[in-house]
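Undergrad: Let me begin by handing over the structure; questions about it come next.
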Amino acid sequence: MRHLRFSLALCAFAAIHATAQWVHLKGPFGSDIRDLSVGSSGVYAASGTTPRVFRSTDNGLTWSYSSKGIPSYALMYSVHVDGHDVYAGGVNGVYHSADDGENWTASTTTLGSAAVCLTTTGTSVLAGTFGSGIYRSEDKGKTWTPVFGVTSKIVNSLLSADGIVYAGSDSGVFFSENGGTTWVKDADGLVGTSVNVVMPFGGLLYAGLYSGVHRSPGKGERWKAYLTGMLSNYSTYALLGVKPGVILAGVSVGGGETKAIYMSKDSGSTWEASMQGLPSNSVKDLVWAGPSILAAINGGVFRSEDSGASWIPSVQGMENVRVRDLMEADGKLYAGTELGMQVLGANGEWSGSFKGLATSRILTLMRSGTNVFAGTAEHGLYRSQDNGATWKYTGALTRDGSNVSALFQVGNRIFAGNNSLGYLSRSDDDGATWVKSDSGLPALSVNEFAFQNGKLFLAGDKSGVMVSEDTGLTWKPSRNGFDAPPPGSSYYAKSLLTLGNDLFAGTDDGAFRSGDGGDTWTPVKNGMRYAVTDMIADGDVIYAVASAAVYRSTDKGATWVAKSGVSAGGGPDIGANKLVIHGTDLYAASLSDGIWKRPLADMVGIHELQRRDGSAFGRTLRSGGSGEFDLTLARAGKVSIELYGVDGVFEAVLFAGALPAGPQRIRLTGRPTVGAHILRLAAEGSPAAHALVSVLP
């Protein structure tokens, strides 16, 4: 082929990200941990929202992970370590690592259902599934065969202790004294009852049920509930023996239950909450790790150094916390996460507090003067007057059990929308008192608000877009032009954006635009026909989240170009949920993978570059073989040469590597498609250089 040659002088340097310039932030830390396992090679934690299995070699103080060999869709629900062998179970089977979790290999046998619990006994590995019973592997997880004798198909827990395997199922407890070959069901008392966890301790047998803790004096004979001090209608998922007579129980919180861990000092006869420092998030597991006790919760891992009396976060290195909202205020970036409101400091570190919150699970954030409001999951609305250091319940019409999903302010009036109880409330005294504000509204889930030319708009599930012309006192529909929902369904609106005289609404079926104050709507779906969950503007440019990918429009939504999402052709899958602009970067919150960012300048399309540069470079490449590139570097560093389509969509990396300083010629690799492209060259610290090229056959 012909050689393509450029001569460029690059004088400064900046980190190159090989996947279309999206960078994953180091923090805020946390994860939705489902299971913990402790062995000689460390502590392992299964993240239920990603393929990650975290490992700690310092008893839970810090964490790292490796997902080599685990596909991105393999969410991890269970983990078990046996020496250097680590087993992780998820929605599509079991993975095995023979090197302490560095590299993983998938089993060749499907289990039919998600592997939600694992244990080893002798040379066998046992996997309990949520729908297919128990499976056994004799070759370290490579192949699996069904285990017979356990009549239940839903097996919630497996434990091997002192030669006995215990299985907690949706029909009671099963026992095996020969490594899982044959099984015996518990004698009485738990027939037809779902058991989440089983623990032998101090000569007694304990079972965590959907109705609290039960105890047996032997192998399942004469079960009896021991619930004094504990609510009986909340599930117990974790049990741990602390010392003779002392037991911890981790429960599922929600509704009226706010206590996540209980302690018993009389072998389970009576209980009291042991929550100091711990948020009201559901506890999934409890384990000993050296001198510490670790609790797996929705949000991460907490550690106790005093046998469960008090708790502190232990999530350093867990980078996939759920982030449900982002807010830019006072020049700072705020994140609403599963572990409270986090603030990004000038040093790149995150800090925050959930002191005073009934739960640390934040759904939405809003600043009003010196106050910060946080809508929480299942526990209503809270206000902080010290920038998040402490929080107080507002007393809004958002009682326990409610999810406050949207906040908005018009003048001195604040609105709080709910997505679980179906109502809207307002406050005219900065959140001190609240009244209902739902006249004309159907039962709905409130997702977002917008205000334009004296009209207040609301986007909601089951209602579509609603409009109020009296600042929220009364409401009426605003959906003329929306596609009619299927029979038996409703209008669903997820997001709103005002841009000059235009109003945009994101729905389950793409975006719509109104230029007449919401009287009529026109679809603007070209290139983005998905549920649009968020929209923001940067001048006249619109960024939107649709089906977890980021899209960009420069023509008022007439056309959209994907800027993230492999399936959408826009780069890596970042699982976007919410967007915000902070400084010169676009930040994207993920419901499963923390926060990502990308420079706004990197998302400029080729047609915009041509318009800005006023010229096009007449270079050519051949579609086969390799070309050459001449450049001069002021100092040694990393260099990246990437190829993009004319629509700005990333196509290939032609070169990526470290180069010495001075003039040099490098060879390009790859087989680009025939046609017009943009070539992007970047080096550490330098603004990217772009050139238009034509790829010939």
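Every chain in the structure tokens takes a letter, A first, then B, and so on in the order presented; its residues are numbered from 1, and the ligands are numbered from 1 following the presented order.
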Excluding segment 141-153 of chain A and residues on its chain fewer than 5 positions from it, collect all residues at most 9 Å away from it, counting only C-alpha atoms, and give them as a PyMOL selection string.
TA: chain A and resi 87+94-96+105-111+124-136+167+169-172+174+180-185
Undergrad: I want to know what sits within 12 Å of segment 484-486 of chain A, based on only C-alpha atoms, with residues of the same chain fewer than 5 positions away left out; could you give that as a list in words?
TA: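 That gives Asp461, Lys462, Ser463, Gly464, Arg479, Tyr491, Tyr492, Ala493, Thr507, Asp508 and Asp509 of chain A.
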Undergrad: Produce a file of the selected residues containing N, CA, C and O atoms, as an mmCIF file, in the first residue's frame.
TA:
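Listed below is the output, result30.cif:
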```cif
data_model
loop_
_atom_site.group_PDB
_atom_site.id
_atom_site.type_symbol
_atom_site.label_atom_id
_atom_site.label_comp_id
_atom_site.auth_asym_id
_atom_site.auth_seq_id
_atom_site.Cartn_x
_atom_site.Cartn_y
_atom_site.Cartn_z
ATOM 1 N N ASP A 461 -43.721 8.352 35.325
ATOM 2 C CA ASP A 461 -44.231 7.078 34.852
ATOM 3 C C ASP A 461 -45.735 7.039 35.084
ATOM 4 O O ASP A 461 -46.236 7.541 36.101
ATOM 5 N N LYS A 462 -46.460 6.470 34.135
ATOM 6 C CA LYS A 462 -47.916 6.322 34.160
ATOM 7 C C LYS A 462 -48.658 7.627 33.884
ATOM 8 O O LYS A 462 -49.875 7.616 33.767
ATOM 9 N N SER A 463 -47.931 8.760 33.778
ATOM 10 C CA SER A 463 -48.597 10.032 33.515
ATOM 11 C C SER A 463 -48.073 10.713 32.264
ATOM 12 O O SER A 463 -48.732 11.589 31.710
ATOM 13 N N GLY A 464 -46.863 10.362 31.825
ATOM 14 C CA GLY A 464 -46.227 11.121 30.767
ATOM 15 C C GLY A 464 -45.840 12.492 31.276
ATOM 16 O O GLY A 464 -45.458 12.653 32.433
ATOM 17 N N ARG A 479 -49.249 16.108 26.468
ATOM 18 C CA ARG A 479 -48.679 15.020 25.678
ATOM 19 C C ARG A 479 -49.278 14.918 24.279
ATOM 20 O O ARG A 479 -49.260 13.865 23.661
ATOM 21 N N TYR A 491 -48.638 6.314 29.562
ATOM 22 C CA TYR A 491 -47.564 7.182 29.087
ATOM 23 C C TYR A 491 -46.427 7.193 30.122
ATOM 24 O O TYR A 491 -46.678 7.307 31.317
ATOM 25 N N TYR A 492 -45.209 7.083 29.641
ATOM 26 C CA TYR A 492 -44.052 7.102 30.531
ATOM 27 C C TYR A 492 -43.080 8.186 30.068
ATOM 28 O O TYR A 492 -42.626 8.162 28.920
ATOM 29 N N ALA A 493 -42.778 9.138 30.947
ATOM 30 C CA ALA A 493 -41.788 10.176 30.665
ATOM 31 C C ALA A 493 -40.713 10.116 31.729
ATOM 32 O O ALA A 493 -41.011 10.049 32.927
ATOM 33 N N THR A 507 -38.759 9.954 26.810
ATOM 34 C CA THR A 507 -39.803 8.977 27.119
ATOM 35 C C THR A 507 -39.261 7.565 26.943
ATOM 36 O O THR A 507 -38.095 7.367 26.584
ATOM 37 N N ASP A 508 -40.138 6.582 27.170
ATOM 38 C CA ASP A 508 -39.757 5.195 26.939
ATOM 39 C C ASP A 508 -39.524 4.902 25.464
ATOM 40 O O ASP A 508 -38.981 3.855 25.115
ATOM 41 N N ASP A 509 -39.941 5.827 24.595
ATOM 42 C CA ASP A 509 -39.823 5.629 23.156
ATOM 43 C C ASP A 509 -39.066 6.776 22.509
ATOM 44 O O ASP A 509 -39.477 7.335 21.499
#
```
Undergrad: To one decimal in Å, tell me the separation between atom CA of Trp434 of chain A and atom CA of Lys259 of chain A.
TA: 26.9 Å
Undergrad: Take atom CA of Val372 of chain A and atom CA of Trp475 of chain A and report the distance between them in Å, one decimal.
TA: 27.0 Å
Undergrad: Please list as a list of chain:residue names every residue within 6 Å of His80 of chain A, counting only C-alpha atoms and excluding residues in the same chain fewer than 3 positions away.
TA: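 The residues satisfying every condition are A:Ser37, A:Val86, A:Tyr87, A:Leu118.
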Undergrad: Output N, CA and C atoms of each residue in that selection to a file, as a PDB file, in the first residue's frame.
TA:
```pdb
ATOM      1  N   SER A  37     -16.150 -14.296  51.472  1.00  0.00           N
ATOM      2  CA  SER A  37     -15.506 -15.565  51.810  1.00  0.00           C
ATOM      3  C   SER A  37     -14.078 -15.279  52.240  1.00  0.00           C
ATOM      4  N   VAL A  86     -10.412 -20.083  43.960  1.00  0.00           N
ATOM      5  CA  VAL A  86     -11.541 -19.203  44.254  1.00  0.00           C
ATOM      6  C   VAL A  86     -12.652 -19.509  43.260  1.00  0.00           C
ATOM      7  N   TYR A  87     -13.873 -19.644  43.756  1.00  0.00           N
ATOM      8  CA  TYR A  87     -15.030 -19.922  42.915  1.00  0.00           C
ATOM      9  C   TYR A  87     -16.016 -18.763  43.043  1.00  0.00           C
ATOM     10  N   LEU A 118     -22.110 -21.139  47.270  1.00  0.00           N
ATOM     11  CA  LEU A 118     -21.061 -22.103  46.939  1.00  0.00           C
ATOM     12  C   LEU A 118     -20.404 -22.604  48.219  1.00  0.00           C
TER      13      LEU A 118
END
```
Undergrad: If you run DSSP over the backbone, which residues in segment 171-289 of chain A end up strand (DSSP E or B)? Put them as a PyMOL selection string.
TA: chain A and resi 172-176+184-185+195-201+204-209+212-216+224-225+228+236-243+246-251+254+257+261-264+270+272-273+276+283-289
Undergrad: Tell me, as a ChimeraX atom specification, which residues lie within 9 Å of segment 334-342 of chain A, counting only C-alpha atoms; anything in the same chain fewer than 3 positions away does not count.
TA: /A:28-32,279,281,298-300,313,321-329,350-355,357,359-365,374,388,589,594-595
